[in-house]
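Read through the structure below, which is laid out as structure tokens, and then see the notes.
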Amino acid sequence: MKLKIQREHLEEFEADVHNITALGFLEHIKREDDHSLTFSSGCRSSICGSCAIRVNGKEVLACAHKVEDGDILEPLKNYEVIRDLVVDMQKAQQKNALAKAFLEKLTTPLPALTPDDVKRNELQSDCILCGSCYSACPVLSVNENFLGPFTLTRVWKYVTDKREADTKTKIDTIQVNGVWDCTLCNECTMVCPQGISSKQDIEMLRSSSAMAGYSDPNFASFGGGFGFDGSPQF
């Protein structure tokens with residue numbers, strides 16, 4: 001089997017292996033051919049998310065994806081590459097802090113969570129931090145300041161958490177480079193190994209934003225030509 005791996009340039013490696021995962025192939029090459037080959041791995045059970053890479057341009061977990069002859073293995077997009085298939089995810093994680101994607105101000109007295117409360121954002125809580133959605137996002141490819149699906153899904157998780165007393169502030173923080181910048185292309189959902197729909201979460205955040213008095217700023221930019229400002233157009 002011959003595969004190409006993106007390093008400083010695209011390199012081809014060959015191994016006498018069959019029916020193997022991308023991670024298995026990488027481990028074989030590192031053990032038998034090139035000890036300097038660098039990649040991340042952890043649980044080998046699709047739980048930790050640390051082995052996320054792209055195969056033929058699509059984000060996958062290397063420990064779960066079976067490779068075929070001629071496949072191309074690359075690092076995730078929209079991240080700084082540290083070496084070979086290892087990327088620096090710090091910038092994406094910093095956006096969680098920027099968007100206040102955490103429990104910030106607890107409701108007092110602190111309410112007990114019912115099974116229905118837990119179920120409300122249970123799927124979002126299944127995120128394994130693999131970063132695939134961030135890599136797949138086309139908006140981040142042209143606007144590095146966009147918060148991204150990884151962060152916006154976490155915002156929705158805490159906006160729907162009844163223990164959070166100040167959801168309005170969270171809505172306020174995602175108006176610029178946030179919910180209105182998403183194209184709703186659904187690429188993030190398509191690559192999520194946990195089946196989390198960031199697109200749906202962003203749509204719900206847009207609804208919450210509208211209820212808080214915000215509107216899509218893109219509509220305002222068309223006001224002079226399409227009559228959205230209420231003036232007659234001739």
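Convention: chains lettered A, B, ... in structure tokens order; per-chain residue numbering from 1; ligands numbered from 1 as shown.
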
query = What lies within 12 Å of Asp181 of chain A using only C-alpha atoms, ignoring chain neighbours under 3 positions off, as an MDAnalysis selection string?
reply = chainID A and resid 137:140 142:149 152 174:178 184:185 199 202:203 206 216:218

inquiry  = Report as a list of chain:residue names all protein, DNA and RNA residues lying within 12 Å of Ala112 of chain A, evaluated on only C-alpha atoms, omitting residues in the same chain fewer than 5 positions from it.
reply    = A:Thr107, A:Asp117, A:Val118, A:Asp161, A:Lys162, A:Arg163

Restricted to C-alpha atoms, what would the selected residues look like written as a PDB file, in the first residue's frame?
ATOM      1  CA  THR A 107     -27.836  31.257  39.185  1.00  0.00           C
ATOM      2  CA  ASP A 117     -32.208  19.690  31.624  1.00  0.00           C
ATOM      3  CA  VAL A 118     -29.297  17.348  30.975  1.00  0.00           C
ATOM      4  CA  ASP A 161     -27.832  25.687  30.719  1.00  0.00           C
ATOM      5  CA  LYS A 162     -30.255  26.936  33.384  1.00  0.00           C
ATOM      6  CA  ARG A 163     -27.386  27.255  35.852  1.00  0.00           C
TER       7      ARG A 163
END

query = Out of segment 143-215 of chain A, which residues get helix (DSSP H, G or I) from DSSP, as a VMD selection string?
reply = chain A and resid 148 to 159 167 to 173 187 to 191 198 to 211

Take the residues from that selection and write them out as an mmCIF file, in the first residue's frame, keeping N, CA and C atoms.
data_model
loop_
_atom_site.group_PDB
_atom_site.id
_atom_site.type_symbol
_atom_site.label_atom_id
_atom_site.label_comp_id
_atom_site.auth_asym_id
_atom_site.auth_seq_id
_atom_site.Cartn_x
_atom_site.Cartn_y
_atom_site.Cartn_z
ATOM 1 N N GLY A 148 -15.961 30.493 14.921
ATOM 2 C CA GLY A 148 -15.942 29.115 14.468
ATOM 3 C C GLY A 148 -16.977 28.225 15.127
ATOM 4 N N PRO A 149 -17.277 27.087 14.484
ATOM 5 C CA PRO A 149 -18.319 26.181 14.993
ATOM 6 C C PRO A 149 -17.975 25.555 16.336
ATOM 7 N N PHE A 150 -16.709 25.283 16.567
ATOM 8 C CA PHE A 150 -16.268 24.689 17.833
ATOM 9 C C PHE A 150 -16.697 25.557 19.013
ATOM 10 N N THR A 151 -16.447 26.846 18.902
ATOM 11 C CA THR A 151 -16.776 27.774 19.984
ATOM 12 C C THR A 151 -18.268 28.064 20.045
ATOM 13 N N LEU A 152 -18.897 28.268 18.904
ATOM 14 C CA LEU A 152 -20.314 28.642 18.901
ATOM 15 C C LEU A 152 -21.200 27.524 19.450
ATOM 16 N N THR A 153 -20.843 26.291 19.173
ATOM 17 C CA THR A 153 -21.591 25.173 19.757
ATOM 18 C C THR A 153 -21.469 25.183 21.276
ATOM 19 N N ARG A 154 -20.286 25.504 21.782
ATOM 20 C CA ARG A 154 -20.112 25.572 23.229
ATOM 21 C C ARG A 154 -20.902 26.739 23.827
ATOM 22 N N VAL A 155 -20.985 27.849 23.112
ATOM 23 C CA VAL A 155 -21.807 28.970 23.586
ATOM 24 C C VAL A 155 -23.255 28.534 23.716
ATOM 25 N N TRP A 156 -23.770 27.839 22.701
ATOM 26 C CA TRP A 156 -25.158 27.373 22.745
ATOM 27 C C TRP A 156 -25.369 26.417 23.922
ATOM 28 N N LYS A 157 -24.372 25.592 24.196
ATOM 29 C CA LYS A 157 -24.471 24.666 25.327
ATOM 30 C C LYS A 157 -24.725 25.426 26.625
ATOM 31 N N TYR A 158 -24.026 26.541 26.833
ATOM 32 C CA TYR A 158 -24.154 27.269 28.088
ATOM 33 C C TYR A 158 -25.298 28.269 28.073
ATOM 34 N N VAL A 159 -25.704 28.705 26.900
ATOM 35 C CA VAL A 159 -26.897 29.550 26.804
ATOM 36 C C VAL A 159 -28.133 28.752 27.230
ATOM 37 N N THR A 167 -27.061 34.786 30.405
ATOM 38 C CA THR A 167 -26.989 34.336 29.012
ATOM 39 C C THR A 167 -26.935 35.515 28.048
ATOM 40 N N LYS A 168 -27.463 36.676 28.449
ATOM 41 C CA LYS A 168 -27.465 37.846 27.574
ATOM 42 C C LYS A 168 -26.039 38.257 27.192
ATOM 43 N N THR A 169 -25.119 38.213 28.146
ATOM 44 C CA THR A 169 -23.739 38.580 27.851
ATOM 45 C C THR A 169 -23.124 37.640 26.828
ATOM 46 N N LYS A 170 -23.465 36.374 26.921
ATOM 47 C CA LYS A 170 -22.946 35.408 25.959
ATOM 48 C C LYS A 170 -23.482 35.712 24.553
ATOM 49 N N ILE A 171 -24.744 36.074 24.477
ATOM 50 C CA ILE A 171 -25.320 36.450 23.181
ATOM 51 C C ILE A 171 -24.637 37.708 22.653
ATOM 52 N N ASP A 172 -24.351 38.642 23.534
ATOM 53 C CA ASP A 172 -23.690 39.883 23.124
ATOM 54 C C ASP A 172 -22.316 39.612 22.507
ATOM 55 N N THR A 173 -21.598 38.650 23.044
ATOM 56 C CA THR A 173 -20.208 38.430 22.616
ATOM 57 C C THR A 173 -20.086 37.754 21.253
ATOM 58 N N GLU A 187 -20.681 22.075 6.658
ATOM 59 C CA GLU A 187 -19.457 21.272 6.557
ATOM 60 C C GLU A 187 -19.010 20.781 7.932
ATOM 61 N N CYS A 188 -19.195 21.600 8.961
ATOM 62 C CA CYS A 188 -18.790 21.224 10.320
ATOM 63 C C CYS A 188 -19.550 19.993 10.799
ATOM 64 N N THR A 189 -20.842 19.966 10.532
ATOM 65 C CA THR A 189 -21.673 18.841 10.955
ATOM 66 C C THR A 189 -21.266 17.554 10.240
ATOM 67 N N MET A 190 -20.927 17.683 8.966
ATOM 68 C CA MET A 190 -20.607 16.515 8.148
ATOM 69 C C MET A 190 -19.351 15.782 8.644
ATOM 70 N N VAL A 191 -18.431 16.506 9.288
ATOM 71 C CA VAL A 191 -17.182 15.860 9.709
ATOM 72 C C VAL A 191 -17.135 15.561 11.207
ATOM 73 N N SER A 198 -23.273 21.804 14.560
ATOM 74 C CA SER A 198 -22.980 23.196 14.893
ATOM 75 C C SER A 198 -23.857 24.134 14.085
ATOM 76 N N LYS A 199 -24.191 23.747 12.874
ATOM 77 C CA LYS A 199 -25.084 24.559 12.040
ATOM 78 C C LYS A 199 -26.404 24.785 12.756
ATOM 79 N N GLN A 200 -26.973 23.740 13.318
ATOM 80 C CA GLN A 200 -28.242 23.867 14.029
ATOM 81 C C GLN A 200 -28.069 24.722 15.281
ATOM 82 N N ASP A 201 -26.961 24.533 15.976
ATOM 83 C CA ASP A 201 -26.704 25.332 17.179
ATOM 84 C C ASP A 201 -26.589 26.813 16.834
ATOM 85 N N ILE A 202 -25.927 27.117 15.711
ATOM 86 C CA ILE A 202 -25.770 28.506 15.286
ATOM 87 C C ILE A 202 -27.113 29.103 14.875
ATOM 88 N N GLU A 203 -27.947 28.299 14.238
ATOM 89 C CA GLU A 203 -29.283 28.778 13.885
ATOM 90 C C GLU A 203 -30.080 29.114 15.141
ATOM 91 N N MET A 204 -29.946 28.292 16.175
ATOM 92 C CA MET A 204 -30.645 28.571 17.422
ATOM 93 C C MET A 204 -30.069 29.822 18.095
ATOM 94 N N LEU A 205 -28.757 30.010 17.993
ATOM 95 C CA LEU A 205 -28.143 31.216 18.542
ATOM 96 C C LEU A 205 -28.619 32.459 17.793
ATOM 97 N N ARG A 206 -28.857 32.325 16.503
ATOM 98 C CA ARG A 206 -29.402 33.448 15.733
ATOM 99 C C ARG A 206 -30.806 33.799 16.229
ATOM 100 N N SER A 207 -31.594 32.776 16.509
ATOM 101 C CA SER A 207 -32.939 33.026 17.030
ATOM 102 C C SER A 207 -32.862 33.715 18.387
ATOM 103 N N SER A 208 -31.959 33.247 19.230
ATOM 104 C CA SER A 208 -31.781 33.874 20.551
ATOM 105 C C SER A 208 -31.288 35.308 20.405
ATOM 106 N N SER A 209 -30.430 35.545 19.415
ATOM 107 C CA SER A 209 -29.926 36.897 19.161
ATOM 108 C C SER A 209 -31.057 37.823 18.734
ATOM 109 N N ALA A 210 -31.943 37.318 17.877
ATOM 110 C CA ALA A 210 -33.089 38.115 17.426
ATOM 111 C C ALA A 210 -34.002 38.461 18.599
ATOM 112 N N MET A 211 -34.190 37.504 19.496
ATOM 113 C CA MET A 211 -35.025 37.745 20.668
ATOM 114 C C MET A 211 -34.387 38.773 21.602
#

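When DSSP reads the backbone of this structure, the residues of segment 8-231 of chain A it assigns to strand (DSSP E) are Leu10, Glu11, Glu12, Phe13, Glu14, Ala52, Ile53, Arg54, Val55, Lys58, Glu59, Val60, Leu61, Ile72, Leu73, Glu74, Glu80, Val81, Ile82, Arg83, Val86, Val87 and Asp88 of chain A.
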
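Counting from atom CA of Lys91 of chain A, the distance to atom CA of Val179 of chain A is 18.5 Å.
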
task = Tell me, in Å to one decimal, how far atom CA of Trp180 of chain A is from atom CA of Cys127 of chain A.
result = 22.7 Å

Contacts of Asp84 of chain A at 12 Å or less, counting only C-alpha atoms, minus same-chain residues fewer than 5 places along, as a PDB file with N, CA and C atoms, in the first residue's frame?
ATOM      1  N   LYS A   4       0.481   8.965   0.617  1.00  0.00           N
ATOM      2  CA  LYS A   4       1.258  10.195   0.659  1.00  0.00           C
ATOM      3  C   LYS A   4       0.926  10.946   1.944  1.00  0.00           C
ATOM      4  N   ILE A   5       1.962  11.489   2.574  1.00  0.00           N
ATOM      5  CA  ILE A   5       1.791  12.219   3.827  1.00  0.00           C
ATOM      6  C   ILE A   5       2.356  13.625   3.665  1.00  0.00           C
ATOM      7  N   GLN A   6       1.552  14.621   4.009  1.00  0.00           N
ATOM      8  CA  GLN A   6       1.979  16.010   3.909  1.00  0.00           C
ATOM      9  C   GLN A   6       2.897  16.359   5.065  1.00  0.00           C
ATOM     10  N   ARG A   7       4.153  16.653   4.731  1.00  0.00           N
ATOM     11  CA  ARG A   7       5.105  17.123   5.722  1.00  0.00           C
ATOM     12  C   ARG A   7       5.562  18.498   5.255  1.00  0.00           C
ATOM     13  N   GLU A   8       6.847  18.758   5.179  1.00  0.00           N
ATOM     14  CA  GLU A   8       7.286  20.010   4.572  1.00  0.00           C
ATOM     15  C   GLU A   8       6.909  20.016   3.096  1.00  0.00           C
ATOM     16  N   HIS A   9       6.865  18.824   2.534  1.00  0.00           N
ATOM     17  CA  HIS A   9       6.310  18.624   1.198  1.00  0.00           C
ATOM     18  C   HIS A   9       5.636  17.252   1.198  1.00  0.00           C
ATOM     19  N   LEU A  10       4.940  16.935   0.146  1.00  0.00           N
ATOM     20  CA  LEU A  10       4.194  15.676   0.089  1.00  0.00           C
ATOM     21  C   LEU A  10       5.176  14.519  -0.126  1.00  0.00           C
ATOM     22  N   GLU A  11       5.188  13.568   0.812  1.00  0.00           N
ATOM     23  CA  GLU A  11       6.091  12.426   0.726  1.00  0.00           C
ATOM     24  C   GLU A  11       5.287  11.136   0.585  1.00  0.00           C
ATOM     25  N   LEU A  26       0.388   5.065  10.025  1.00  0.00           N
ATOM     26  CA  LEU A  26       1.358   6.037  10.521  1.00  0.00           C
ATOM     27  C   LEU A  26       2.296   5.395  11.542  1.00  0.00           C
ATOM     28  N   SER A  36      11.207   9.920  12.529  1.00  0.00           N
ATOM     29  CA  SER A  36      10.933  11.348  12.730  1.00  0.00           C
ATOM     30  C   SER A  36       9.506  11.741  12.387  1.00  0.00           C
ATOM     31  N   LEU A  37       8.747  10.835  11.784  1.00  0.00           N
ATOM     32  CA  LEU A  37       7.359  11.131  11.426  1.00  0.00           C
ATOM     33  C   LEU A  37       6.582  11.497  12.692  1.00  0.00           C
ATOM     34  N   THR A  38       5.877  12.639  12.640  1.00  0.00           N
ATOM     35  CA  THR A  38       5.221  13.160  13.840  1.00  0.00           C
ATOM     36  C   THR A  38       3.714  13.258  13.644  1.00  0.00           C
ATOM     37  N   PHE A  39       2.966  12.719  14.591  1.00  0.00           N
ATOM     38  CA  PHE A  39       1.506  12.757  14.573  1.00  0.00           C
ATOM     39  C   PHE A  39       1.013  12.611  16.005  1.00  0.00           C
ATOM     40  N   SER A  40      -0.263  12.873  16.220  1.00  0.00           N
ATOM     41  CA  SER A  40      -0.841  12.775  17.565  1.00  0.00           C
ATOM     42  C   SER A  40      -1.754  11.565  17.654  1.00  0.00           C
ATOM     43  N   ILE A  53      -7.059  14.143  11.628  1.00  0.00           N
ATOM     44  CA  ILE A  53      -6.279  14.597  10.484  1.00  0.00           C
ATOM     45  C   ILE A  53      -7.233  14.720   9.302  1.00  0.00           C
ATOM     46  N   LEU A  73      -2.666  11.904   3.289  1.00  0.00           N
ATOM     47  CA  LEU A  73      -2.871  12.280   4.690  1.00  0.00           C
ATOM     48  C   LEU A  73      -2.275  13.664   4.929  1.00  0.00           C
ATOM     49  N   GLU A  74      -3.097  14.548   5.510  1.00  0.00           N
ATOM     50  CA  GLU A  74      -2.671  15.924   5.734  1.00  0.00           C
ATOM     51  C   GLU A  74      -3.067  16.376   7.141  1.00  0.00           C
ATOM     52  N   PRO A  75      -2.420  17.432   7.653  1.00  0.00           N
ATOM     53  CA  PRO A  75      -2.844  17.988   8.947  1.00  0.00           C
ATOM     54  C   PRO A  75      -4.154  18.743   8.803  1.00  0.00           C
ATOM     55  N   LEU A  76      -4.818  19.006   9.905  1.00  0.00           N
ATOM     56  CA  LEU A  76      -6.038  19.794   9.892  1.00  0.00           C
ATOM     57  C   LEU A  76      -5.766  21.188   9.328  1.00  0.00           C
TER      58      LEU A  76
END

Test item: residues at most 12 Å from Cys192 of chain A, only C-alpha atoms, excluding those fewer than 5 positions along its chain, as an NGL selection string = :A and (46 or 49 or 52 or 58-61 or 123-124 or 126-137 or 149-150 or 153 or 186-187 or 197-199)

Output C-alpha atoms of each residue in that selection to a file, as a PDB file, in the first residue's frame.
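The result, stored in out01.pdb:
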ATOM      1  CA  SER A  46     -12.465   7.510  18.912  1.00  0.00           C
ATOM      2  CA  GLY A  49     -10.097  13.274  19.463  1.00  0.00           C
ATOM      3  CA  ALA A  52      -7.831  14.038  13.926  1.00  0.00           C
ATOM      4  CA  LYS A  58     -11.821  15.324   4.599  1.00  0.00           C
ATOM      5  CA  GLU A  59     -11.466  15.475   8.373  1.00  0.00           C
ATOM      6  CA  VAL A  60     -11.388  12.053  10.060  1.00  0.00           C
ATOM      7  CA  LEU A  61     -10.158  10.371  13.215  1.00  0.00           C
ATOM      8  CA  LEU A 123     -25.224  16.157  22.456  1.00  0.00           C
ATOM      9  CA  GLN A 124     -23.127  19.317  22.669  1.00  0.00           C
ATOM     10  CA  ASP A 126     -20.331  14.904  23.755  1.00  0.00           C
ATOM     11  CA  CYS A 127     -17.728  17.039  21.960  1.00  0.00           C
ATOM     12  CA  ILE A 128     -14.321  15.289  22.068  1.00  0.00           C
ATOM     13  CA  LEU A 129     -12.335  18.443  21.161  1.00  0.00           C
ATOM     14  CA  CYS A 130     -10.935  16.905  17.967  1.00  0.00           C
ATOM     15  CA  GLY A 131     -11.071  20.234  16.116  1.00  0.00           C
ATOM     16  CA  SER A 132     -12.437  18.725  12.902  1.00  0.00           C
ATOM     17  CA  CYS A 133     -15.270  21.255  12.642  1.00  0.00           C
ATOM     18  CA  TYR A 134     -12.806  24.145  12.968  1.00  0.00           C
ATOM     19  CA  SER A 135     -10.689  22.641  10.188  1.00  0.00           C
ATOM     20  CA  ALA A 136     -13.650  22.101   7.853  1.00  0.00           C
ATOM     21  CA  CYS A 137     -15.040  25.638   8.240  1.00  0.00           C
ATOM     22  CA  PRO A 149     -18.319  26.181  14.993  1.00  0.00           C
ATOM     23  CA  PHE A 150     -16.268  24.689  17.833  1.00  0.00           C
ATOM     24  CA  THR A 153     -21.591  25.173  19.757  1.00  0.00           C
ATOM     25  CA  ASN A 186     -23.028  22.412   7.255  1.00  0.00           C
ATOM     26  CA  GLU A 187     -19.457  21.272   6.557  1.00  0.00           C
ATOM     27  CA  SER A 197     -24.715  19.878  14.365  1.00  0.00           C
ATOM     28  CA  SER A 198     -22.980  23.196  14.893  1.00  0.00           C
ATOM     29  CA  LYS A 199     -25.084  24.559  12.040  1.00  0.00           C
TER      30      LYS A 199
END

Distance query Ile29 of chain A at most 12 Å, only C-alpha atoms, self and fewer than 2 positions along chain excluded, as a PDB file with C-alpha atoms, in the first residue's frame:
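As written to disk, part29.pdb reads:
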ATOM      1  CA  MET A   1       0.000   0.000   0.000  1.00  0.00           C
ATOM      2  CA  LYS A   2       1.297   3.453  -0.950  1.00  0.00           C
ATOM      3  CA  LEU A   3       0.117   6.594   0.835  1.00  0.00           C
ATOM      4  CA  LYS A   4       1.258  10.195   0.659  1.00  0.00           C
ATOM      5  CA  ILE A   5       1.791  12.219   3.827  1.00  0.00           C
ATOM      6  CA  GLU A  11       6.091  12.426   0.726  1.00  0.00           C
ATOM      7  CA  GLU A  12       5.113   8.949  -0.431  1.00  0.00           C
ATOM      8  CA  PHE A  13       5.457   5.938   1.863  1.00  0.00           C
ATOM      9  CA  GLU A  14       4.921   2.277   1.069  1.00  0.00           C
ATOM     10  CA  ALA A  15       4.147  -0.533   3.465  1.00  0.00           C
ATOM     11  CA  ASP A  16       3.095  -4.171   3.116  1.00  0.00           C
ATOM     12  CA  VAL A  17      -0.083  -3.717   5.142  1.00  0.00           C
ATOM     13  CA  ALA A  22      -4.663   5.694   9.090  1.00  0.00           C
ATOM     14  CA  LEU A  23      -3.221   5.623  12.607  1.00  0.00           C
ATOM     15  CA  GLY A  24      -2.036   2.041  12.128  1.00  0.00           C
ATOM     16  CA  PHE A  25      -0.306   3.018   8.896  1.00  0.00           C
ATOM     17  CA  LEU A  26       1.358   6.037  10.521  1.00  0.00           C
ATOM     18  CA  GLU A  27       2.576   3.926  13.440  1.00  0.00           C
ATOM     19  CA  ARG A  31       8.343   2.213  13.596  1.00  0.00           C
ATOM     20  CA  GLU A  32       9.767   0.675  10.432  1.00  0.00           C
ATOM     21  CA  ASP A  33      10.788   3.504   8.068  1.00  0.00           C
ATOM     22  CA  ASP A  34      10.993   7.012   9.502  1.00  0.00           C
ATOM     23  CA  HIS A  35      11.289   7.589  13.240  1.00  0.00           C
ATOM     24  CA  SER A  36      10.933  11.348  12.730  1.00  0.00           C
ATOM     25  CA  LEU A  37       7.359  11.131  11.426  1.00  0.00           C
ATOM     26  CA  THR A  38       5.221  13.160  13.840  1.00  0.00           C
ATOM     27  CA  PHE A  39       1.506  12.757  14.573  1.00  0.00           C
TER      28      PHE A  39
END

query = atom CA of Ile72 of chain A and atom CA of Asn56 of chain A are how many Å apart?
reply = 5.1 Å
